[in-house]
file final_4.cif (mmCIF, C-alpha atoms)
data_structure
#
loop_
_atom_site.label_atom_id
_atom_site.label_comp_id
_atom_site.auth_asym_id
_atom_site.auth_seq_id
_atom_site.Cartn_x
_atom_site.Cartn_y
_atom_site.Cartn_z
CA MET V 23 3.48 32.72 24.10
CA SER V 24 0.25 32.09 25.98
CA PRO V 25 -1.84 29.06 25.03
CA THR V 26 -4.35 31.30 23.23
CA ASP V 27 -1.60 32.43 20.84
CA PHE V 28 -1.53 28.88 19.52
CA GLN V 29 -5.25 28.68 18.83
CA ARG V 30 -6.13 28.63 15.14
CA ARG V 31 -9.91 29.02 15.24
CA GLN V 32 -9.88 30.98 12.02
CA VAL V 33 -7.47 32.65 9.66
CA THR V 34 -8.36 35.72 7.59
CA GLY V 35 -6.37 37.36 4.84
CA ARG V 36 -6.20 38.11 1.15
CA GLY V 37 -6.31 35.06 -1.12
CA ILE V 38 -3.88 33.75 -3.73
CA PRO V 39 -5.01 31.06 -6.19
CA VAL V 40 -2.51 28.49 -7.48
CA PRO V 41 -4.63 26.36 -9.82
CA GLY V 42 -3.69 22.86 -11.05
CA ASN V 43 -3.80 19.38 -9.58
CA ASP V 44 -1.04 17.13 -8.20
CA ILE V 45 1.37 19.96 -7.39
CA ASP V 46 4.12 18.03 -5.59
CA THR V 47 6.51 19.20 -2.89
CA ASP V 48 9.45 19.24 -5.36
CA ARG V 49 7.60 21.99 -7.20
CA ILE V 50 6.73 23.85 -3.99
CA ILE V 51 10.39 23.83 -2.94
CA PRO V 52 13.04 22.23 -5.21
CA ALA V 53 15.28 19.62 -3.56
CA ARG V 54 18.44 21.75 -3.72
CA PHE V 55 17.09 23.80 -0.82
CA LEU V 56 17.05 20.73 1.44
CA LYS V 57 20.73 21.42 2.09
CA ALA V 58 19.85 24.55 4.05
CA VAL V 59 20.68 24.19 7.75
CA THR V 60 17.68 26.24 8.92
CA PHE V 61 14.38 27.26 7.37
CA GLU V 62 15.36 30.93 7.50
CA GLY V 63 14.80 32.70 4.20
CA MET V 64 13.03 29.64 2.74
CA GLY V 65 9.99 31.79 1.90
CA GLU V 66 11.66 33.54 -1.01
CA HIS V 67 12.29 30.18 -2.70
CA ALA V 68 8.68 28.95 -2.63
CA PHE V 69 7.78 27.70 -6.14
CA GLU V 70 11.16 29.03 -7.32
CA ASP V 71 11.54 26.98 -10.51
CA ALA V 72 7.85 27.22 -11.42
CA ARG V 73 8.11 31.01 -11.02
CA LYS V 74 11.19 31.19 -13.24
CA GLN V 75 9.44 29.11 -15.91
CA ASN V 76 6.30 31.21 -15.74
CA PRO V 77 6.58 34.96 -15.06
CA GLU V 78 2.78 35.00 -14.65
CA HIS V 79 2.91 32.55 -11.73
CA PRO V 80 0.63 33.88 -8.97
CA PHE V 81 3.55 34.06 -6.52
CA ASN V 82 5.23 36.49 -8.97
CA GLN V 83 2.21 38.76 -9.33
CA LYS V 84 2.36 42.05 -7.50
CA VAL V 85 -1.36 41.95 -6.75
CA TYR V 86 -0.95 38.80 -4.62
CA GLN V 87 1.99 39.97 -2.52
CA GLY V 88 0.91 39.98 1.11
CA ALA V 89 -1.79 37.34 0.54
CA SER V 90 -2.06 34.71 3.26
CA VAL V 91 -4.79 32.26 2.16
CA LEU V 92 -3.60 29.88 -0.56
CA VAL V 93 -6.26 28.28 -2.77
CA VAL V 94 -5.06 25.16 -4.63
CA GLY V 95 -6.47 22.19 -6.58
CA GLN V 96 -6.53 18.43 -5.92
CA ASN V 97 -3.76 16.39 -4.23
CA PHE V 98 -1.70 19.46 -3.34
CA GLY V 99 1.62 18.67 -1.65
CA CYS V 100 1.90 15.09 -2.89
CA GLY V 101 5.29 13.38 -3.14
CA SER V 102 8.34 13.88 -0.94
CA SER V 103 7.62 14.37 2.76
CA ARG V 104 9.90 17.40 3.19
CA GLU V 105 8.82 19.85 5.89
CA HIS V 106 10.51 22.50 3.76
CA ALA V 107 7.36 22.69 1.60
CA PRO V 108 4.98 24.05 4.26
CA GLN V 109 7.87 25.97 5.84
CA ALA V 110 8.53 27.79 2.55
CA LEU V 111 4.83 28.60 2.09
CA MET V 112 4.50 29.76 5.73
CA ARG V 113 7.57 31.96 5.49
CA TRP V 114 6.27 33.44 2.25
CA GLY V 115 3.22 34.46 4.28
CA ILE V 116 0.66 31.66 3.90
CA ASN V 117 -1.38 31.06 7.08
CA GLY V 118 -4.15 28.86 5.71
CA ILE V 119 -4.78 26.67 2.66
CA VAL V 120 -7.99 25.71 0.88
CA GLY V 121 -7.93 22.86 -1.64
CA GLY V 122 -9.75 19.85 -3.07
CA SER V 123 -7.45 17.37 -1.32
CA PHE V 124 -3.95 17.27 0.13
CA GLY V 125 -0.97 14.93 0.22
CA GLU V 126 -1.24 13.05 3.52
CA ILE V 127 2.17 13.98 4.93
CA PHE V 128 2.05 17.54 3.65
CA PHE V 129 -1.26 17.95 5.46
CA GLY V 130 0.25 16.62 8.70
CA ASN V 131 3.31 18.86 8.34
CA CYS V 132 1.01 21.86 7.93
CA VAL V 133 -0.95 21.00 11.08
CA MET V 134 2.31 20.82 13.05
CA LEU V 135 3.12 24.34 11.91
CA GLY V 136 -0.37 25.57 12.78
CA ILE V 137 -1.43 26.00 9.15
CA PRO V 138 -5.01 24.81 8.63
CA CYS V 139 -5.71 22.98 5.35
CA LEU V 140 -9.43 22.82 4.57
CA THR V 141 -11.04 20.85 1.74
CA VAL V 142 -13.94 22.13 -0.37
CA SER V 143 -15.75 20.76 -3.44
CA GLN V 144 -14.27 21.19 -6.94
CA ALA V 145 -17.09 23.56 -7.90
CA ASP V 146 -16.52 25.72 -4.82
CA LEU V 147 -12.76 25.72 -5.48
CA GLU V 148 -13.25 27.00 -8.99
CA TRP V 149 -15.65 29.66 -7.76
CA LEU V 150 -13.25 30.76 -5.03
CA GLN V 151 -10.26 30.98 -7.38
CA LYS V 152 -12.26 33.09 -9.81
CA ALA V 153 -13.63 35.31 -7.03
CA ILE V 154 -10.12 36.01 -5.74
CA GLY V 155 -8.92 36.70 -9.29
CA ARG V 156 -11.72 39.26 -9.77
CA ASP V 157 -11.02 41.03 -6.48
CA PRO V 158 -7.66 40.08 -4.95
CA GLN V 159 -8.07 42.69 -2.20
CA GLN V 160 -11.13 41.12 -0.55
CA PRO V 161 -10.56 39.11 2.64
CA VAL V 162 -10.99 35.33 2.67
CA THR V 163 -11.66 33.61 5.98
CA VAL V 164 -10.70 30.02 6.69
CA ASP V 165 -12.86 29.08 9.67
CA VAL V 166 -11.48 25.92 11.22
CA GLU V 167 -13.93 25.82 14.12
CA ARG V 168 -17.05 26.10 11.96
CA GLN V 169 -15.51 24.26 9.00
CA GLU V 170 -16.32 26.87 6.42
CA VAL V 171 -14.59 29.30 4.08
CA ARG V 172 -16.06 32.78 3.71
CA CYS V 173 -15.47 35.14 0.82
CA GLY V 174 -17.68 38.16 0.14
CA GLU V 175 -21.28 37.09 0.65
CA ARG V 176 -20.54 33.40 0.20
CA VAL V 177 -20.17 30.84 2.95
CA ILE V 178 -18.63 27.65 1.60
CA THR V 179 -18.89 24.38 3.50
CA ALA V 180 -15.40 23.01 4.13
CA GLY V 181 -13.89 19.96 5.78
CA VAL V 182 -11.01 19.20 8.11
CA PRO V 183 -10.54 15.87 9.94
CA ASP V 184 -11.60 15.94 13.61
CA GLY V 185 -8.15 15.29 15.07
CA ALA V 186 -6.48 18.11 13.19
CA ARG V 187 -9.42 20.41 13.84
CA LYS V 188 -9.17 19.88 17.61
CA GLN V 189 -5.40 20.45 17.58
CA LEU V 190 -5.79 23.71 15.65
CA VAL V 191 -8.77 25.03 17.61
CA ASN V 192 -7.35 24.08 21.02
CA GLY V 193 -3.83 25.22 20.18
CA THR V 194 -2.19 21.81 20.66
CA TRP V 195 -0.88 21.44 17.10
CA ASP V 196 2.75 21.86 18.14
CA SER V 197 3.27 18.14 18.72
CA THR V 198 6.85 18.61 19.94
CA ALA V 199 5.60 20.85 22.74
CA VAL V 200 2.83 18.36 23.57
CA LEU V 201 5.41 15.55 23.72
CA LEU V 202 7.71 17.57 25.97
CA GLU V 203 4.87 18.18 28.41
CA ALA V 204 4.32 14.43 28.67
CA GLY V 205 7.89 13.75 29.84
CA ALA V 206 7.02 11.26 32.60
CA ALA V 207 4.71 9.19 30.41
CA ILE V 208 7.36 9.09 27.69
CA GLU V 209 9.99 7.83 30.12
CA ALA V 210 7.65 5.12 31.44
CA THR V 211 6.89 3.92 27.88
CA ALA V 212 10.53 4.08 26.84
CA LYS V 213 11.51 1.81 29.74
CA LYS V 214 9.23 -0.88 28.32
CA LEU V 215 10.73 -0.70 24.84
CA PRO V 216 13.73 -2.95 24.18
CA TYR V 217 15.05 -0.50 21.57
CA VAL V 218 15.67 1.93 24.42
CA SER V 219 16.27 -0.33 27.43
CA GLY V 220 18.25 -3.00 25.56
CA PHE V 221 17.39 -6.51 24.33
CA MET N 3 6.87 4.08 -2.09
CA SER N 4 3.70 3.65 -0.01
CA ILE N 5 3.61 7.45 0.10
CA GLU N 6 2.86 7.57 -3.63
CA GLY N 7 -0.18 5.39 -2.92
CA GLY N 8 -1.39 8.07 -0.51
CA ALA N 9 -0.14 6.31 2.65
CA ARG N 10 1.59 7.94 5.58
CA CYS N 11 3.84 4.91 6.06
CA GLY N 12 4.33 1.34 4.89
CA TYR N 13 5.04 -1.75 6.96
CA VAL N 14 6.69 -5.06 6.12
CA ASN N 15 6.18 -7.90 8.58
CA PRO N 16 9.48 -9.10 10.07
CA ASP N 17 10.07 -12.72 9.04
CA GLN N 18 13.00 -15.12 8.65
CA THR N 19 14.27 -13.19 5.62
CA THR N 20 14.41 -10.00 7.70
CA ILE N 21 16.18 -11.74 10.55
CA ASP N 22 18.72 -13.47 8.29
CA TYR N 23 19.46 -10.13 6.65
CA LEU N 24 20.04 -8.33 9.96
CA ARG N 25 22.18 -11.02 11.60
CA GLY N 26 25.75 -9.82 11.99
CA ARG N 27 25.15 -6.40 10.45
CA PRO N 28 26.61 -3.22 11.97
CA HIS N 29 24.21 -1.52 14.43
CA ALA N 30 22.15 -4.73 14.88
CA PRO N 31 22.28 -6.40 18.33
CA GLN N 32 25.03 -9.00 18.51
CA GLY N 33 25.28 -12.50 20.08
CA ALA N 34 22.62 -13.52 22.61
CA ALA N 35 21.07 -10.06 22.40
CA PHE N 36 20.41 -10.71 18.70
CA GLU N 37 18.37 -13.85 19.49
CA ARG N 38 16.32 -11.90 22.05
CA ALA N 39 15.80 -9.14 19.50
CA ALA N 40 14.73 -11.68 16.84
CA ASP N 41 12.14 -13.10 19.27
CA TRP N 42 10.84 -9.58 19.88
CA TRP N 43 10.62 -8.83 16.16
CA ARG N 44 8.70 -12.07 15.52
CA SER N 45 6.33 -11.12 18.36
CA VAL N 46 5.34 -7.84 16.67
CA ALA N 47 4.52 -9.42 13.29
CA THR N 48 0.87 -9.61 12.27
CA GLU N 49 -0.62 -12.83 13.64
CA PRO N 50 -2.18 -15.41 11.29
CA GLY N 51 -5.86 -14.81 10.69
CA ALA N 52 -5.64 -11.06 11.29
CA ALA N 53 -8.42 -9.06 9.60
CA PHE N 54 -7.58 -6.25 7.16
CA ASP N 55 -9.81 -3.51 5.78
CA ASP N 56 -8.68 -4.36 2.28
CA VAL N 57 -6.37 -6.90 0.67
CA ALA N 58 -4.66 -6.60 -2.71
CA ARG N 59 -2.58 -9.51 -4.02
CA LEU N 60 -0.06 -8.86 -6.76
CA ASP N 61 1.69 -11.53 -8.79
CA GLY N 62 5.08 -9.96 -9.44
CA ALA N 63 6.01 -12.56 -12.06
CA ALA N 64 2.99 -11.54 -14.16
CA ILE N 65 4.00 -7.85 -14.30
CA GLU N 66 6.13 -6.88 -17.29
CA PRO N 67 8.88 -4.27 -16.82
CA VAL N 68 7.16 -0.96 -16.03
CA VAL N 69 8.25 2.51 -17.15
CA THR N 70 6.84 5.91 -16.20
CA TRP N 71 6.02 8.27 -19.05
CA GLY N 72 4.72 11.29 -17.08
CA ILE N 73 5.28 13.58 -14.10
CA ASN N 74 4.23 11.43 -11.16
CA PRO N 75 5.02 7.80 -10.33
CA GLY N 76 1.43 6.72 -11.02
CA MET N 77 1.82 7.65 -14.68
CA SER N 78 3.36 4.34 -15.64
CA ILE N 79 2.81 1.62 -18.25
CA GLY N 80 4.26 -1.74 -19.21
CA VAL N 81 7.22 -1.37 -21.57
CA SER N 82 5.21 -2.91 -24.41
CA GLN N 83 2.32 -0.48 -23.96
CA THR N 84 1.51 2.93 -25.43
CA ILE N 85 1.16 6.26 -23.63
CA PRO N 86 -2.50 6.69 -22.64
CA LYS N 87 -4.79 9.34 -24.09
CA PRO N 88 -6.06 11.99 -21.63
CA GLU N 89 -9.60 11.35 -22.97
CA SER N 90 -9.40 7.77 -21.66
CA GLN N 91 -8.93 9.10 -18.12
CA PRO N 92 -11.58 10.26 -15.65
CA GLU N 93 -12.35 13.95 -16.24
CA PRO N 94 -10.55 15.30 -13.12
CA GLU N 95 -7.30 13.53 -14.13
CA ARG N 96 -7.17 14.92 -17.65
CA PRO N 97 -5.49 18.31 -16.97
CA THR N 98 -2.53 16.61 -15.24
CA PHE N 99 -2.25 14.11 -18.11
CA ARG N 100 -2.14 16.95 -20.64
CA GLU N 101 0.43 18.80 -18.55
CA ALA N 102 2.52 15.60 -18.41
CA LEU N 103 2.41 15.07 -22.18
CA ALA N 104 3.43 18.70 -22.78
CA HIS N 105 6.31 18.53 -20.29
CA MET N 106 7.62 15.21 -21.58
CA GLY N 107 7.18 16.06 -25.25
CA PHE N 108 5.27 12.81 -25.85
CA GLN N 109 2.17 12.15 -27.97
CA ALA N 110 -0.71 10.15 -26.54
CA GLY N 111 -0.78 6.74 -28.19
CA GLN N 112 2.97 6.63 -28.81
CA PRO N 113 4.83 3.51 -27.59
CA ILE N 114 7.19 4.13 -24.66
CA LYS N 115 9.63 1.62 -26.10
CA GLY N 116 12.16 3.41 -28.27
CA ALA N 117 11.94 6.76 -26.43
CA LYS N 118 15.47 8.18 -26.71
CA ILE N 119 17.41 8.93 -23.53
CA ASP N 120 20.40 11.17 -22.73
CA VAL N 121 21.22 10.07 -19.19
CA ALA N 122 21.07 6.72 -17.37
CA PHE N 123 21.12 6.65 -13.57
CA VAL N 124 21.23 3.49 -11.46
CA GLY N 125 21.05 4.37 -7.78
CA SER N 126 18.95 5.88 -4.95
CA CYS N 127 17.84 4.48 -1.60
CA THR N 128 15.00 2.77 -3.45
CA ASN N 129 17.04 0.90 -6.04
CA GLY N 130 20.70 1.05 -5.00
CA ARG N 131 21.02 -2.28 -3.14
CA LEU N 132 23.62 -4.93 -3.94
CA SER N 133 20.97 -7.03 -5.70
CA ASP N 134 20.05 -4.01 -7.87
CA LEU N 135 23.67 -3.49 -8.87
CA ARG N 136 24.04 -7.18 -9.68
CA ALA N 137 20.97 -7.03 -11.92
CA ALA N 138 22.28 -3.95 -13.73
CA ALA N 139 25.79 -5.47 -14.05
CA GLU N 140 24.37 -8.58 -15.70
CA VAL N 141 22.88 -6.34 -18.39
CA ALA N 142 26.13 -4.34 -18.62
CA THR N 143 27.98 -7.50 -19.75
CA LYS N 144 25.78 -7.52 -22.89
CA GLY N 145 27.04 -4.32 -24.49
CA LYS N 146 28.54 -0.85 -24.19
CA VAL N 147 26.90 2.40 -23.15
CA ALA N 148 25.54 4.18 -26.23
CA ARG N 149 27.79 7.03 -27.40
CA HIS N 150 25.26 9.80 -26.68
CA VAL N 151 24.40 8.56 -23.16
CA ARG N 152 25.93 9.68 -19.83
CA ALA N 153 25.57 6.66 -17.52
CA LEU N 154 26.08 6.74 -13.74
CA ILE N 155 26.11 3.87 -11.25
CA VAL N 156 25.74 5.12 -7.66
CA PRO N 157 25.62 2.56 -4.81
CA GLY N 158 22.92 3.16 -2.21
CA SER N 159 25.38 3.15 0.70
CA GLN N 160 29.09 2.80 1.42
CA GLN N 161 28.48 -0.78 2.59
CA VAL N 162 26.84 -1.62 -0.72
CA ALA N 163 29.72 0.05 -2.58
CA LYS N 164 32.26 -2.06 -0.69
CA ALA N 165 30.36 -5.29 -1.23
CA ALA N 166 29.91 -4.54 -4.94
CA GLU N 167 33.61 -3.78 -5.38
CA ALA N 168 34.51 -7.03 -3.59
CA GLU N 169 32.49 -8.83 -6.29
CA GLY N 170 34.16 -6.82 -9.07
CA LEU N 171 30.90 -5.22 -10.20
CA HIS N 172 32.57 -1.82 -10.57
CA GLU N 173 34.92 -3.29 -13.19
CA VAL N 174 32.02 -4.78 -15.12
CA PHE N 175 30.35 -1.37 -15.23
CA GLN N 176 33.50 0.55 -16.11
CA ALA N 177 34.37 -1.88 -18.91
CA ALA N 178 30.95 -1.18 -20.42
CA GLY N 179 31.38 2.59 -20.20
CA PHE N 180 29.36 3.33 -17.04
CA GLN N 181 30.77 5.74 -14.44
CA TRP N 182 31.29 4.03 -11.06
CA ARG N 183 30.54 6.69 -8.47
CA LYS N 184 30.72 7.17 -4.70
CA ALA N 185 27.64 6.20 -2.67
CA GLY N 186 25.00 8.89 -2.21
CA CYS N 187 21.76 10.41 -3.47
CA SER N 188 23.28 11.73 -6.71
CA MET N 189 20.80 12.19 -9.52
CA CYS N 190 17.72 11.12 -7.58
CA LEU N 191 17.00 14.70 -6.59
CA GLY N 192 19.76 17.00 -7.80
CA MET N 193 21.18 18.11 -4.46
CA ASN N 194 24.78 17.74 -5.68
CA PRO N 195 26.24 18.59 -9.11
CA ASP N 196 24.75 15.37 -10.60
CA LYS N 197 21.86 17.04 -12.41
CA LEU N 198 20.04 16.90 -15.69
CA GLU N 199 20.78 19.79 -18.02
CA GLY N 200 18.03 21.52 -19.97
CA ARG N 201 15.46 19.12 -21.40
CA GLU N 202 17.65 16.02 -21.07
CA MET N 203 15.73 12.74 -20.85
CA SER N 204 16.81 10.43 -18.08
CA ALA N 205 16.26 6.72 -17.53
CA SER N 206 16.41 6.54 -13.75
CA SER N 207 16.05 3.84 -11.11
CA SER N 208 15.14 6.48 -8.49
CA ASN N 209 11.64 6.85 -7.10
CA ARG N 210 10.17 10.15 -8.28
CA ASN N 211 9.66 11.77 -11.65
CA PHE N 212 8.20 15.11 -10.62
CA ILE N 213 8.94 18.15 -12.77
CA GLY N 214 12.38 19.47 -11.84
CA ARG N 215 13.14 16.54 -9.56
CA GLN N 216 16.50 15.69 -11.16
CA GLY N 217 17.81 19.23 -10.96
CA SER N 218 16.63 20.83 -14.22
CA PRO N 219 13.21 22.53 -14.26
CA THR N 220 12.73 21.33 -17.83
CA GLY N 221 14.49 17.96 -17.40
CA ARG N 222 12.52 14.75 -18.02
CA THR N 223 12.59 11.52 -16.05
CA LEU N 224 11.55 7.99 -17.00
CA LEU N 225 11.50 5.77 -13.90
CA MET N 226 12.32 2.09 -14.37
CA SER N 227 14.15 -0.78 -12.66
CA PRO N 228 17.97 -0.87 -12.44
CA ALA N 229 18.16 -3.62 -15.10
CA MET N 230 15.90 -1.58 -17.40
CA VAL N 231 18.09 1.52 -16.89
CA ALA N 232 21.19 -0.49 -17.84
CA ALA N 233 19.39 -1.75 -20.96
CA ALA N 234 18.39 1.80 -21.93
CA ALA N 235 21.98 2.97 -21.39
CA ILE N 236 23.24 0.37 -23.86
CA THR N 237 20.66 0.89 -26.59
CA GLY N 238 20.26 4.64 -25.97
CA ALA N 239 16.48 4.31 -25.74
CA VAL N 240 13.77 2.66 -23.63
CA THR N 241 14.21 -1.06 -24.20
CA ASP N 242 12.64 -4.26 -22.87
CA VAL N 243 15.55 -5.68 -20.87
CA ARG N 244 14.23 -9.20 -21.38
CA GLU N 245 15.18 -8.93 -25.06
CA ILE N 246 18.78 -8.16 -24.13
CA LEU N 247 19.06 -10.95 -21.58
CA LYS N 248 17.52 -13.56 -23.89
#
call {"tool": "encode", "arguments": {"input": "final_4.cif", "output": "structure tokens"}}
result
Amino acid sequence: MSPTDFQRRQVTGRGIPVPGNDIDTDRIIPARFLKAVTFEGMGEHAFEDARKQNPEHPFNQKVYQGASVLVVGQNFGCGSSREHAPQALMRWGINGIVGGSFGEIFFGNCVMLGIPCLTVSQADLEWLQKAIGRDPQQPVTVDVERQEVRCGERVITAGVPDGARKQLVNGTWDSTAVLLEAGAAIEATAKKLPYVSGF
Amino acid sequence: MSIEGGARCGYVNPDQTTIDYLRGRPHAPQGAAFERAADWWRSVATEPGAAFDDVARLDGAAIEPVVTWGINPGMSIGVSQTIPKPESQPEPERPTFREALAHMGFQAGQPIKGAKIDVAFVGSCTNGRLSDLRAAAEVATKGKVARHVRALIVPGSQQVAKAAEAEGLHEVFQAAGFQWRKAGCSMCLGMNPDKLEGREMSASSSNRNFIGRQGSPTGRTLLMSPAMVAAAAITGAVTDVREILK
């Protein structure tokens, strides 16, 4: 992939609202799936138990299949730090998330997978969820560079911390790749650390 | 548990307690290398007079045993308190409070003490140390597991299991009707067959009470300390362990 393939200036796709606050990572992907050796096929298990409990769950609804912009409530992705949560959402097809606030580690895990998470006000969230419900086919744009979410005629002011924004816009969100490129600096630092060089 | 306070990580300053704990343990530096390591650890501790953005001081002795009643670890109250009313919460918190009451089958205003349990679980990386097992074993000497309760004791590691068995703790638990199990995660998160079934109510010393966390999507979890779990196992309901140890 060329460096431009990694740039996440903006993401556009159909929206899918999952309302409710404090949706934790155990609900996004139940713990039994942590035994999987790879993330392959994880997408079909996103929200598995919540979907079984509630046939009307948005992830079950035909009209939202193929959606790629997830719109959630407050404190989405709180709890366990499992990478499986954003992996499951990504493999289901989610490329961008809009919410009121996010669990700190979930947010970081999303950045490292190149999934922008933007925050908007509660009023704008409610408007956006309703707008998507009225017309699930309309495109929603998550603009990381300009920090806004666009839907129909509306332009909603959104937020994303500077560090994450730069990583997404510049295409340096894959922190493993960034680390690998800094091989010499890593070796120099490691030599100074007693954990590596011995006490 | 710093994560549940919204943190990315937590940090405990290395001090003499840390160093005494690590001395002689497997994987720790040995001999002269240990002394050099201890010097290094002391050197990275926060220096006296350091400035912090915010300081909170908690007096542990003044906190009564705490029990969760809801679907995240923040939904907790003292064992003598009653389950809060959603209306007493800030508006944005109310939907989650209502969801929690519905999932748990509790009424706002009801005391947590006396809530009936089906399963008791002492274990997890958070509360499966030797000192946790000792605390639970002390309670286990005061009675027998209630007939309707399935009670599991799961050491946090194989080292802890060995140390506990050397002290005879496993026999104390077994005599009281607890199952003494192999070390592991067990019922903290339902990755092995140790799971809640249906709407079972669990008294658990693990660290998270999210919906479905203990392996049943409709299962219910009350988080509490290992001693409080042992007390609940014996009485079959949420109990103030201090009354049993009196």
call {"tool": "residues_near_point", "arguments": {"input": "final_4.cif", "point": "(23.9, -4.9, -20.1)", "cutoff": "8 Å", "atoms": "only C-alpha atoms", "output": "MDAnalysis selection string"}}
result
chainID N and resid 138:146 178 229 232:233 236 246:247
call {"tool": "interface_residues", "arguments": {"input": "final_4.cif", "of": "chain N", "to": "chain V", "cutoff": "8 Å", "atoms": "all atoms listed in the file", "output": "PyMOL selection string"}}
result
chain N and resi 5-6+8-10+31+35-36+38-39+97-98+191-194+210+212-215+217+219
call {"tool": "axis_aligned_box", "arguments": {"input": "final_4.cif", "around": "region 215-224 of chain N", "padding_each_side": "3 Å", "output": "JSON"}}
result
{"center_x": 14.7, "center_y": 15.3, "center_z": -13.8, "size_x": 12.3, "size_y": 20.5, "size_z": 14.5}
call {"tool": "resolve_selection", "arguments": {"input": "final_4.cif", "expression": "the PyMOL selection byres ((chain V and resi 27) around 12)", "output": "ChimeraX atom specification"}}
result
/V:23-26,28-31,136,190-196
call {"tool": "closest_residue", "arguments": {"input": "final_4.cif", "among": "V:Lys188, V:Lys214, V:Arg156, V:His79", "to": "Val40 (chain V)", "atoms": "only C-alpha atoms"}}
result
V:His79
call {"tool": "residues_around", "arguments": {"input": "final_4.cif", "residues": "Ala163 (chain N)", "least_positions_apart": "2", "cutoff": "12 Å", "atoms": "only C-alpha atoms", "output": "PyMOL selection string"}}
result
chain N and resi 125+130-136+155-161+165-172+182-186
call {"tool": "write_last_selection", "arguments": {"input": "final_4.cif", "atoms": "C-alpha atoms", "output": "short mmCIF file (atom, residue, chain, number, x, y, z; two decimals), in the coordinates of the input"}}
result
data_model
loop_
_atom_site.label_atom_id
_atom_site.label_comp_id
_atom_site.auth_asym_id
_atom_site.auth_seq_id
_atom_site.Cartn_x
_atom_site.Cartn_y
_atom_site.Cartn_z
CA GLY N 125 21.05 4.37 -7.78
CA GLY N 130 20.70 1.05 -5.00
CA ARG N 131 21.02 -2.28 -3.14
CA LEU N 132 23.62 -4.93 -3.94
CA SER N 133 20.97 -7.03 -5.70
CA ASP N 134 20.05 -4.01 -7.87
CA LEU N 135 23.67 -3.49 -8.87
CA ARG N 136 24.04 -7.18 -9.68
CA ILE N 155 26.11 3.87 -11.25
CA VAL N 156 25.74 5.12 -7.66
CA PRO N 157 25.62 2.56 -4.81
CA GLY N 158 22.92 3.16 -2.21
CA SER N 159 25.38 3.15 0.70
CA GLN N 160 29.09 2.80 1.42
CA GLN N 161 28.48 -0.78 2.59
CA ALA N 165 30.36 -5.29 -1.23
CA ALA N 166 29.91 -4.54 -4.94
CA GLU N 167 33.61 -3.78 -5.38
CA ALA N 168 34.51 -7.03 -3.59
CA GLU N 169 32.49 -8.83 -6.29
CA GLY N 170 34.16 -6.82 -9.07
CA LEU N 171 30.90 -5.22 -10.20
CA HIS N 172 32.57 -1.82 -10.57
CA TRP N 182 31.29 4.03 -11.06
CA ARG N 183 30.54 6.69 -8.47
CA LYS N 184 30.72 7.17 -4.70
CA ALA N 185 27.64 6.20 -2.67
CA GLY N 186 25.00 8.89 -2.21
#
call {"tool": "closest_residue", "arguments": {"input": "final_4.cif", "among": "N:Ile65, N:Leu198, N:Val14, N:Met203", "to": "Ala47 (chain N)", "atoms": "all atoms listed in the file"}}
result
N:Val14
call {"tool": "atom_distance", "arguments": {"input": "final_4.cif", "atom1": "CA of Thr141 (chain V)", "atom2": "CA of Thr179 (chain V)"}}
result
8.8 Å
call {"tool": "residues_near_point", "arguments": {"input": "final_4.cif", "point": "(3.8, 7.3, -30.1)", "cutoff": "12 Å", "atoms": "all atoms listed in the file", "output": "compact mmCIF listing (two decimals) with C-alpha atoms, in the coordinates of the input"}}
result
# COMPACT_ATOMS: atom_id res chain seq x y z
CA TRP N 71 6.02 8.27 -19.05
CA SER N 82 5.21 -2.91 -24.41
CA GLN N 83 2.32 -0.48 -23.96
CA THR N 84 1.51 2.93 -25.43
CA ILE N 85 1.16 6.26 -23.63
CA PRO N 86 -2.50 6.69 -22.64
CA LYS N 87 -4.79 9.34 -24.09
CA LEU N 103 2.41 15.07 -22.18
CA GLY N 107 7.18 16.06 -25.25
CA PHE N 108 5.27 12.81 -25.85
CA GLN N 109 2.17 12.15 -27.97
CA ALA N 110 -0.71 10.15 -26.54
CA GLY N 111 -0.78 6.74 -28.19
CA GLN N 112 2.97 6.63 -28.81
CA PRO N 113 4.83 3.51 -27.59
CA ILE N 114 7.19 4.13 -24.66
CA LYS N 115 9.63 1.62 -26.10
CA GLY N 116 12.16 3.41 -28.27
CA ALA N 117 11.94 6.76 -26.43
call {"tool": "decode", "arguments": {"input": "final_4.cif", "residues": "region 177-182 of chain N", "atoms": "N, CA and C atoms", "output": "short mmCIF file (atom, residue, chain, number, x, y, z; two decimals), in the first residue's frame"}}
result
data_model
loop_
_atom_site.label_atom_id
_atom_site.label_comp_id
_atom_site.auth_asym_id
_atom_site.auth_seq_id
_atom_site.Cartn_x
_atom_site.Cartn_y
_atom_site.Cartn_z
N ALA N 177 -14.43 -27.94 53.30
CA ALA N 177 -15.22 -28.35 54.47
C ALA N 177 -16.50 -27.52 54.57
N ALA N 178 -16.45 -26.29 54.05
CA ALA N 178 -17.63 -25.41 54.13
C ALA N 178 -18.53 -25.55 52.90
N GLY N 179 -18.13 -26.40 51.96
CA GLY N 179 -18.99 -26.62 50.79
C GLY N 179 -18.64 -25.79 49.56
N PHE N 180 -17.48 -25.11 49.58
CA PHE N 180 -17.02 -24.39 48.39
C PHE N 180 -16.26 -25.36 47.48
N GLN N 181 -16.33 -25.14 46.17
CA GLN N 181 -15.49 -25.91 45.25
C GLN N 181 -14.12 -25.26 45.17
N TRP N 182 -13.06 -26.07 45.34
CA TRP N 182 -11.68 -25.55 45.21
C TRP N 182 -11.23 -25.87 43.81
#
